[in-house]
Structures are given as structure tokens and as C-alpha cells.
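As stored in entry30.tsv (TSV, C-alpha atoms and all ligand atoms):
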chain	number	residue	atom	x	y	z
A	15	MET	CA	3.43	-0.45	3.31
A	16	LEU	CA	0.06	-0.78	5.04
A	17	LYS	CA	-2.21	2.03	6.17
A	18	VAL	CA	-3.53	0.95	9.56
A	19	SER	CA	-6.02	2.80	11.72
A	20	ARG	CA	-4.77	4.22	15.05
A	21	LEU	CA	-6.26	3.81	18.50
A	22	PRO	CA	-6.85	6.99	20.58
A	23	ASP	CA	-3.46	6.41	22.28
A	24	GLY	CA	-1.77	6.54	18.86
A	25	GLN	CA	-1.01	2.81	18.67
A	26	PRO	CA	-2.01	0.83	15.57
A	27	GLU	CA	-5.52	-0.64	15.84
A	28	ILE	CA	-4.36	-4.23	16.26
A	29	PHE	CA	-5.96	-5.85	19.29
A	30	HIS	CA	-7.14	-9.16	20.71
A	31	SER	CA	-10.85	-9.72	21.29
A	32	VAL	CA	-13.68	-12.02	20.25
A	33	GLN	CA	-15.52	-11.62	16.97
A	34	GLY	CA	-18.69	-9.71	17.81
A	35	GLU	CA	-20.65	-10.11	14.57
A	36	GLY	CA	-21.64	-12.64	11.96
A	37	VAL	CA	-21.42	-16.42	11.94
A	38	ASN	CA	-18.10	-16.47	13.81
A	39	ALA	CA	-19.35	-14.37	16.74
A	40	GLY	CA	-17.64	-15.44	19.94
A	41	ARG	CA	-14.45	-16.68	18.26
A	42	PRO	CA	-11.29	-15.22	19.86
A	43	ALA	CA	-9.11	-13.47	17.29
A	44	VAL	CA	-6.62	-10.72	16.69
A	45	PHE	CA	-8.18	-7.77	14.87
A	46	LEU	CA	-6.33	-5.67	12.32
A	47	ARG	CA	-8.17	-2.53	11.24
A	48	LEU	CA	-6.99	-1.22	7.89
A	49	ALA	CA	-7.70	2.41	7.03
A	50	LEU	CA	-9.49	3.86	3.96
A	51	CYS	CA	-12.91	3.10	2.51
A	52	ASN	CA	-14.56	3.53	-0.92
A	53	LEU	CA	-18.05	4.09	0.57
A	54	SER	CA	-19.42	6.69	2.97
A	55	CYS	CA	-22.23	5.15	4.99
A	56	LEU	CA	-24.34	7.66	6.92
A	57	TRP	CA	-24.22	5.51	10.07
A	58	CYS	CA	-20.59	4.36	9.76
A	59	ASP	CA	-19.07	3.79	13.21
A	60	THR	CA	-15.49	3.81	11.89
A	61	ARG	CA	-15.49	7.17	10.10
A	62	TYR	CA	-12.03	7.81	11.54
A	63	THR	CA	-10.71	5.28	9.01
A	64	TRP	CA	-11.75	7.32	5.96
A	65	ASP	CA	-13.59	10.62	6.61
A	66	TRP	CA	-10.87	13.24	6.26
A	67	LYS	CA	-13.36	16.12	6.46
A	68	ARG	CA	-14.13	15.19	10.06
A	69	PHE	CA	-10.89	13.49	11.10
A	70	ASP	CA	-7.24	14.34	10.66
A	71	GLN	CA	-5.72	11.61	8.52
A	72	ALA	CA	-2.23	12.07	9.92
A	73	SER	CA	-3.38	11.41	13.48
A	74	GLN	CA	-5.80	8.59	12.59
A	75	VAL	CA	-3.63	6.48	10.28
A	76	VAL	CA	-0.24	4.90	10.81
A	77	THR	CA	1.88	3.47	8.01
A	78	MET	CA	3.37	0.08	8.90
A	79	SER	CA	5.50	-2.44	7.10
A	80	VAL	CA	4.22	-5.99	6.65
A	81	GLU	CA	6.89	-7.17	9.12
A	82	GLU	CA	5.75	-4.67	11.77
A	83	ALA	CA	2.10	-5.66	11.35
A	84	GLU	CA	2.95	-9.36	11.53
A	85	LYS	CA	4.98	-8.84	14.69
A	86	SER	CA	2.13	-6.91	16.33
A	87	ILE	CA	-0.40	-9.62	15.44
A	88	LYS	CA	1.84	-12.41	16.72
A	89	ARG	CA	2.16	-10.73	20.13
A	90	TYR	CA	-1.30	-12.08	20.91
A	91	PRO	CA	-2.38	-15.65	21.65
A	92	GLY	CA	-4.14	-17.92	19.17
A	93	HIS	CA	-4.01	-18.30	15.40
A	94	SER	CA	-7.12	-16.47	14.23
A	95	VAL	CA	-7.07	-13.04	12.67
A	96	VAL	CA	-9.90	-10.79	11.51
A	97	VAL	CA	-8.97	-8.15	8.96
A	98	THR	CA	-11.45	-5.30	9.02
A	99	GLY	CA	-11.70	-1.63	8.10
A	100	GLY	CA	-12.59	0.69	6.50
A	101	GLU	CA	-12.52	-1.43	3.38
A	102	PRO	CA	-9.57	-3.86	3.49
A	103	LEU	CA	-9.71	-4.73	-0.21
A	104	ILE	CA	-8.51	-1.24	-1.11
A	105	GLN	CA	-5.12	-2.40	0.20
A	106	GLN	CA	-5.12	-5.83	-1.43
A	107	LYS	CA	-1.76	-5.44	-3.10
A	108	ALA	CA	0.07	-4.11	-0.06
A	109	ALA	CA	-1.53	-6.61	2.33
A	110	THR	CA	-1.01	-9.79	0.28
A	111	PRO	CA	2.47	-10.50	1.74
A	112	LEU	CA	1.02	-10.15	5.26
A	113	LEU	CA	-1.77	-12.63	4.52
A	114	GLU	CA	0.82	-15.02	2.99
A	115	ARG	CA	2.96	-14.82	6.13
A	116	LEU	CA	0.01	-15.35	8.45
A	117	LYS	CA	-1.25	-18.28	6.41
A	118	ASN	CA	2.21	-19.86	6.41
A	119	GLY	CA	2.23	-19.37	10.19
A	120	GLY	CA	-0.95	-21.44	10.52
A	121	TYR	CA	-3.40	-18.55	10.94
A	122	TRP	CA	-7.11	-18.76	10.10
A	123	ILE	CA	-8.08	-15.52	8.34
A	124	GLU	CA	-11.48	-13.84	8.33
A	125	MET	CA	-11.94	-10.87	5.99
A	126	GLU	CA	-14.63	-8.23	6.52
A	127	THR	CA	-15.55	-6.34	3.35
A	128	ASN	CA	-18.36	-4.21	1.94
A	129	GLY	CA	-18.44	-6.48	-1.12
A	130	THR	CA	-17.84	-3.81	-3.77
A	131	ILE	CA	-14.30	-4.80	-4.79
A	132	VAL	CA	-13.46	-8.07	-6.52
A	133	PRO	CA	-10.79	-9.95	-4.54
A	134	SER	CA	-7.66	-11.24	-6.25
A	135	ARG	CA	-7.06	-14.96	-6.77
A	136	ASN	CA	-4.44	-14.79	-4.07
A	137	TRP	CA	-6.89	-13.42	-1.55
A	138	ILE	CA	-9.51	-16.01	-2.49
A	139	ARG	CA	-6.89	-18.66	-1.75
A	140	LEU	CA	-5.68	-17.08	1.49
A	141	VAL	CA	-8.93	-16.04	3.17
A	142	ASP	CA	-10.75	-18.73	5.19
A	143	HIS	CA	-13.95	-16.83	5.81
A	144	TRP	CA	-15.47	-13.84	4.02
A	145	SER	CA	-17.89	-11.67	5.95
A	146	VAL	CA	-19.34	-9.67	3.05
A	147	SER	CA	-21.49	-6.74	4.09
A	148	PRO	CA	-23.03	-5.06	1.04
A	149	LYS	CA	-24.75	-1.84	1.95
A	150	LEU	CA	-28.45	-1.09	1.48
A	151	GLU	CA	-30.22	2.15	0.58
A	152	ASN	CA	-30.27	3.08	4.30
A	153	SER	CA	-26.49	3.60	4.08
A	154	GLY	CA	-26.96	6.67	1.88
A	155	ASN	CA	-24.52	5.42	-0.75
A	156	PRO	CA	-25.71	5.56	-4.39
A	157	LEU	CA	-26.62	2.20	-5.93
A	158	SER	CA	-23.73	2.45	-8.41
A	159	ALA	CA	-21.27	2.64	-5.50
A	160	ARG	CA	-22.78	0.06	-3.16
A	161	GLU	CA	-23.65	-2.77	-5.59
A	162	ASN	CA	-21.00	-4.33	-7.83
A	163	PRO	CA	-22.66	-7.24	-9.68
A	164	ARG	CA	-19.31	-8.83	-10.55
A	165	ALA	CA	-18.20	-8.84	-6.92
A	166	TYR	CA	-21.63	-10.08	-5.78
A	167	ARG	CA	-21.47	-13.06	-8.16
A	168	LEU	CA	-17.91	-13.87	-7.18
A	169	PHE	CA	-18.65	-13.81	-3.43
A	170	ARG	CA	-21.83	-15.78	-4.01
A	171	SER	CA	-19.72	-18.55	-5.56
A	172	LEU	CA	-17.37	-18.81	-2.56
A	173	PRO	CA	-18.43	-21.46	-0.01
A	174	SER	CA	-16.59	-19.46	2.63
A	175	ALA	CA	-18.67	-16.27	2.19
A	176	HIS	CA	-21.69	-15.04	4.13
A	177	PHE	CA	-23.61	-11.86	3.29
A	178	LYS	CA	-24.22	-9.70	6.34
A	179	TYR	CA	-26.81	-6.95	5.90
A	180	VAL	CA	-27.35	-4.03	8.25
A	181	LEU	CA	-31.01	-3.11	8.79
A	182	GLN	CA	-32.48	0.04	10.28
A	183	GLU	CA	-36.16	-0.70	9.77
A	184	PRO	CA	-38.24	-3.81	9.09
A	185	ASP	CA	-38.95	-2.57	5.54
A	186	ASP	CA	-35.25	-2.90	4.68
A	187	VAL	CA	-35.84	-6.62	4.27
A	188	LYS	CA	-37.63	-5.97	0.95
A	189	GLU	CA	-34.34	-4.84	-0.56
A	190	ILE	CA	-32.59	-7.95	0.79
A	191	LYS	CA	-35.23	-10.23	-0.69
A	192	ALA	CA	-34.80	-8.53	-4.08
A	193	LEU	CA	-30.99	-8.91	-3.89
A	194	SER	CA	-31.38	-12.51	-2.82
A	195	ARG	CA	-33.55	-13.22	-5.88
A	196	LYS	CA	-31.24	-11.28	-8.22
A	197	TYR	CA	-28.07	-13.10	-7.13
A	198	ALA	CA	-29.68	-16.42	-6.12
A	199	LEU	CA	-28.37	-16.21	-2.56
A	200	ASP	CA	-28.88	-19.11	-0.16
A	201	PRO	CA	-30.99	-17.83	2.80
A	202	LEU	CA	-28.60	-19.60	5.18
A	203	LYS	CA	-25.77	-17.49	3.76
A	204	ILE	CA	-27.65	-14.30	4.63
A	205	VAL	CA	-27.07	-12.75	8.05
A	206	LEU	CA	-29.20	-9.84	9.28
A	207	MET	CA	-27.78	-7.44	11.85
A	208	PRO	CA	-29.33	-4.33	13.42
A	209	GLN	CA	-27.79	-0.94	12.73
A	210	ALA	CA	-27.03	0.21	16.27
A	211	ARG	CA	-24.25	1.97	18.11
A	212	ASP	CA	-25.76	1.67	21.59
A	213	ARG	CA	-27.25	-1.21	23.59
A	214	LYS	CA	-30.78	0.18	23.78
A	215	THR	CA	-31.13	0.57	20.01
A	216	LEU	CA	-29.45	-2.79	19.44
A	217	LEU	CA	-31.93	-4.61	21.69
A	218	GLU	CA	-34.98	-2.76	20.32
A	219	ARG	CA	-34.08	-3.50	16.71
A	220	SER	CA	-33.04	-7.08	17.52
A	221	ARG	CA	-36.60	-7.92	18.57
A	222	TRP	CA	-38.22	-7.27	15.17
A	223	LEU	CA	-35.14	-8.50	13.34
A	224	VAL	CA	-35.29	-11.91	15.02
A	225	ASP	CA	-38.93	-12.20	13.89
A	226	ILE	CA	-37.89	-11.46	10.29
A	227	CYS	CA	-35.12	-14.08	10.49
A	228	ARG	CA	-37.60	-16.64	11.81
A	229	SER	CA	-40.07	-16.03	9.01
A	230	GLU	CA	-37.54	-15.76	6.16
A	231	GLY	CA	-35.01	-18.37	7.28
A	232	TYR	CA	-32.10	-15.92	7.46
A	233	LEU	CA	-29.44	-15.94	10.19
A	234	PHE	CA	-29.42	-13.31	12.93
A	235	SER	CA	-26.38	-11.49	14.25
A	236	THR	CA	-26.07	-9.25	17.25
A	237	ARG	CA	-23.14	-6.84	17.80
A	238	LEU	CA	-21.49	-8.35	20.83
A	239	GLN	CA	-18.96	-5.52	21.13
A	240	ILE	CA	-21.78	-2.96	21.48
A	241	LEU	CA	-23.55	-5.08	24.10
A	242	LEU	CA	-20.37	-5.54	26.13
A	243	TRP	CA	-18.51	-2.27	25.73
A	244	GLY	CA	-20.67	0.24	23.83
A	245	ASN	CA	-19.24	2.16	20.89
A	246	ARG	CA	-15.52	2.01	21.79
A	247	ARG	CA	-12.43	1.50	19.69
A	248	GLY	CA	-10.01	-1.37	20.11
A	249	VAL	CA	-12.45	-3.86	21.71
B	301	LIG	S1	-18.38	0.34	4.17
B	301	LIG	FE1	-17.98	0.06	6.36
B	301	LIG	S2	-16.18	1.34	6.81
B	301	LIG	FE2	-16.96	1.97	4.79
B	301	LIG	S3	-18.29	3.71	5.25
B	301	LIG	FE3	-19.60	1.88	5.22
B	301	LIG	S4	-19.69	1.15	7.35
B	301	LIG	FE4	-17.97	2.60	7.18

Turn this file's structure into C-alpha cells for me.
Ligand code: SF4
Amino acid sequence: MLKVSRLPDGQPEIFHSVQGEGVNAGRPAVFLRLALCNLSCLWCDTRYTWDWKRFDQASQVVTMSVEEAEKSIKRYPGHSVVVTGGEPLIQQKAATPLLERLKNGGYWIEMETNGTIVPSRNWIRLVDHWSVSPKLENSGNPLSARENPRAYRLFRSLPSAHFKYVLQEPDDVKEIKALSRKYALDPLKIVLMPQARDRKTLLERSRWLVDICRSEGYLFSTRLQILLWGNRRGV
């Protein structure tokens, strides 16, 4: 069984939109938001998927079978799916049959992860694009929790993976440069995105972030969903 986040109306958080972040921004896809996370980022905008001190787990999470999730995904047009969270790799075992079914149905699968859990061979085979978002010091997570060298090296070896970093201040780039040297990351596999939950902050931080991308040769990502709809669920 899968633990899936709920929308405010109680329905599972499975919806059709366009990818708002990373190198596939603009691509129409069905989104599946899995609950639970192994980190606790200070600025997390999906705390309702894991923070049971602030949110009531019973009202925020729905348990679904693989068949139910597949049926909900297939209600929508297209054959692209983005699995997000929370941290989806926590539910690797339970979600493998769903990924198998989607793949057999001709789906292209993007996986969003915080990069701290090593994916199984099955998932490496099934996932078409990895959007790996390791957290920096600005997330408030201890280094031992946010950086898993084994996972870093594995994702670095996958042609289908990009590393998407969330920056709050220009100085955050120093940490990214150090990580890039440590794991020999290709600059064109590094995507920088502003930490922002409202349009004003997003635009302000985008200005200095674009300059950093121009000087370092990294890719830039906006957060299209924030620009279009603000900080809302299910969009
Ligand atoms: S890894 Fe993602 S879901 Fe987990 S706490 Fe951080 S921002 Fe939130």
C-alpha cells in the first residue's frame, strides 16, 4: 500500500499540471505526491507530508493500493508522470509495482528526491529522469542527514540525473562549488533554484541567481507554480 498526501478536499494529491521546476519545466504531467520525508527542511513547503507535530497525519495522508493510484493517474491525459513528496524513495518497495505498471503502459517517469537514499536497481531502470535536490546548510538539516556520499556518487553516475539546489543567499553557492568539486559534478547537471514561496521573493532572488548561473555555467530554474498560482496545493 502507498501513503499518498491528501489535498485540502481530502482527495489524494494526484493532479495534472506542468512541471514547474528543473530541466523539464513546462512539460505537462500527472503529479503523484507521496507522503513521508527523512529530512526536516526549515523552509519546506510540503510540511503536511511529514511534520506530524504541526499536521494531523490521519487527515493529511491517505493509504492507497497500487491499482487505485494507477487508476487515478490514468484518468488524466498524456503519458508523463512526476513522482514527488515528501521523499518518494522512502516508499521504494511499495511503489515499485506502480512504476512497473506505468512503465509498461508507456509512461515517462520523473522522480523528485532529496538525494539521501540510494535507489534500487529496479528504480534506476524504471525512472527516466531524476531530479535530485540535495539540501544545503540553509535547510537546517545536519550534514550527516543531508549528504549521503554513496547516494551522491550513484546519482552522479546516472546520465538521467540533474542536481537541483535551493539557494537563499548568494553565498550559498560556495557550498555548491565545494560539493561540485567533491563529487566531480558536471556544471551543466547543476540547476540552481531560489528558495521562495511567493512571487516577490522568487523574482528578487532570481535576479542574483541568474548572475551566478551566468558566471559559473550552472542552469537556472524558476518555480513556475509559485509564479502562476502562489503557494497552493494540487497545482
Ligand atoms: S526534503 Fe523536501 S519534502 Fe523533505 S523536508 Fe526538505 S523540502 Fe520538505

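Here atom CA of Asp186 of chain A stands at a distance of 15.9 Å from atom CA of Leu216 of chain A.
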
(message) Need to verify the contact set: Asn52 of chain A, 9 Å, all atoms listed in the file, exclusion of same-chain residues closer than 5 positions in sequence. Can you return it as a count of residues only?
(response) 6

(request) Within 6 Å of segment 74-88 of chain A, counting only C-alpha atoms, which residues show up once you throw out same-chain ones fewer than 3 positions away? Write them as a VMD selection string, please. (result) chain A and resid 15 to 20 71 112

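Proximity to Leu181 of chain A was assessed for A:Glu151, A:Asp200, A:Asp23, A:Asp212 counting all atoms listed in the file; the smallest distance is recorded for A:Glu151.
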
Contact check, chain A to ligand LIG 301 (chain B), at most 6 Å, counting all atoms listed in the file, closest pairs as a tab-separated table:
residue	atom	partner	partner_atom	distance
A:Cys51	CA	B:LIG301	FE2	4.8
A:Leu53	CA	B:LIG301	S3	4.7
A:Ser54	CA	B:LIG301	S3	3.9
A:Cys55	CA	B:LIG301	FE3	4.2
A:Cys58	CA	B:LIG301	FE4	4.1
A:Thr60	CA	B:LIG301	FE4	5.5
A:Arg61	CA	B:LIG301	FE4	6.0
A:Gly99	CA	B:LIG301	S2	5.5
A:Gly100	CA	B:LIG301	S2	3.7
A:Glu101	CA	B:LIG301	S2	5.7
A:Asn128	CA	B:LIG301	S1	5.1

(message) Using only C-alpha atoms, can you tell me which of A:Val180, A:Gln105, A:Arg221, A:Ser171 comes closest to Ala198 of chain A?
(response)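 The shortest atom-to-atom distance to Ala198 of chain A comes from A:Ser171.
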
(request) Please indicate the distance in Å from atom CA of Arg228 of chain A to atom CA of Lys214 of chain A, rounded to one decimal place. (result) 21.7 Å

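Of the listed residues (A:Ala49, A:Leu168, A:Leu56, A:Val187), A:Leu168 comes nearest to Arg135 of chain A; the distances count all atoms listed in the file.
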
(message) So that I can see what lies close to Trp57 of chain A, please list as number ranges by chain the residues with an atom at most 9 Å from it, counting only C-alpha atoms and leaving out residues fewer than 2 positions away in the same chain.
(response) A: 54-55, 59, 61, 152-154, 209-211

(request) Would you work out the distance separating atom CA of Ser31 of chain A from atom CA of Phe45 of chain A, expressed in Å to one decimal? (result)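 According to the coordinates, atom CA of Ser31 of chain A and atom CA of Phe45 of chain A are separated by 7.2 Å.
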
(request) Find, counting only C-alpha atoms, the residue in A:Leu172, A:Leu113, A:Met125, A:Leu242 that gets nearest to Gly36 of chain A. (result) A:Met125

(message) Can you tell me which residues surround Val249 of chain A at a distance of at most 12 Å, considering only C-alpha atoms, apart from same-chain residues fewer than 2 positions away, and format the answer as a PyMOL selection string?
(response) chain A and resi 21+27-34+42-47+237-247

(request) Rank nothing, just name the residue among A:Tyr232, A:Tyr197, A:Trp122, A:Trp66 nearest to Asn38 of chain A, using only C-alpha atoms. (result) A:Trp122

(message) Give me the residues near Ser194 of chain A as a list in words, where near means some atom within 12 Å (using all atoms listed in the file) and where sequence neighbours in that chain fewer than 5 positions away do not count.
(response) Pro148, Tyr166, Arg167, Arg170, Phe177, Lys178, Tyr179, Val187, Lys188, Glu189, Leu199, Asp200, Pro201, Leu202, Lys203, Ile204, Val205, Glu230 and Tyr232 of chain A

(request) Would you please work out which residue, of A:Ser235, A:Ser145, A:Asn118, A:Ser174, is nearest to Val97 of chain A when using all atoms listed in the file? (result) A:Ser145

Generate the missing atoms of segment 58-72 of chain A up to N, CA and C atoms and report them as a short mmCIF file (atom, residue, chain, number, x, y, z; two decimals), in the frame of the given file.
data_model
loop_
_atom_site.label_atom_id
_atom_site.label_comp_id
_atom_site.auth_asym_id
_atom_site.auth_seq_id
_atom_site.Cartn_x
_atom_site.Cartn_y
_atom_site.Cartn_z
N CYS A 58 -21.89 5.04 9.56
CA CYS A 58 -20.59 4.36 9.76
C CYS A 58 -20.05 4.63 11.16
N ASP A 59 -19.64 3.58 11.87
CA ASP A 59 -19.07 3.79 13.21
C ASP A 59 -17.53 3.74 13.19
N THR A 60 -16.96 3.72 11.99
CA THR A 60 -15.49 3.81 11.89
C THR A 60 -15.10 4.91 10.91
N ARG A 61 -15.76 6.05 11.03
CA ARG A 61 -15.49 7.17 10.10
C ARG A 61 -14.03 7.62 10.19
N TYR A 62 -13.43 7.38 11.36
CA TYR A 62 -12.03 7.81 11.54
C TYR A 62 -11.06 7.04 10.64
N THR A 63 -11.59 6.01 9.93
CA THR A 63 -10.71 5.28 9.01
C THR A 63 -10.69 5.89 7.61
N TRP A 64 -11.65 6.82 7.34
CA TRP A 64 -11.75 7.32 5.96
C TRP A 64 -12.26 8.74 5.80
N ASP A 65 -12.91 9.33 6.80
CA ASP A 65 -13.59 10.62 6.61
C ASP A 65 -12.64 11.76 6.98
N TRP A 66 -11.91 12.23 5.98
CA TRP A 66 -10.87 13.24 6.26
C TRP A 66 -11.42 14.66 6.32
N LYS A 67 -12.76 14.80 6.19
CA LYS A 67 -13.36 16.12 6.46
C LYS A 67 -13.57 16.27 7.96
N ARG A 68 -13.87 15.14 8.61
CA ARG A 68 -14.13 15.19 10.06
C ARG A 68 -12.92 14.79 10.89
N PHE A 69 -12.04 14.00 10.33
CA PHE A 69 -10.89 13.49 11.10
C PHE A 69 -9.59 13.84 10.39
N ASP A 70 -8.56 14.00 11.20
CA ASP A 70 -7.24 14.34 10.66
C ASP A 70 -6.51 13.03 10.29
N GLN A 71 -6.29 12.86 9.00
CA GLN A 71 -5.72 11.61 8.52
C GLN A 71 -4.38 11.28 9.19
N ALA A 72 -3.56 12.31 9.36
CA ALA A 72 -2.23 12.07 9.92
C ALA A 72 -2.30 11.49 11.34
#
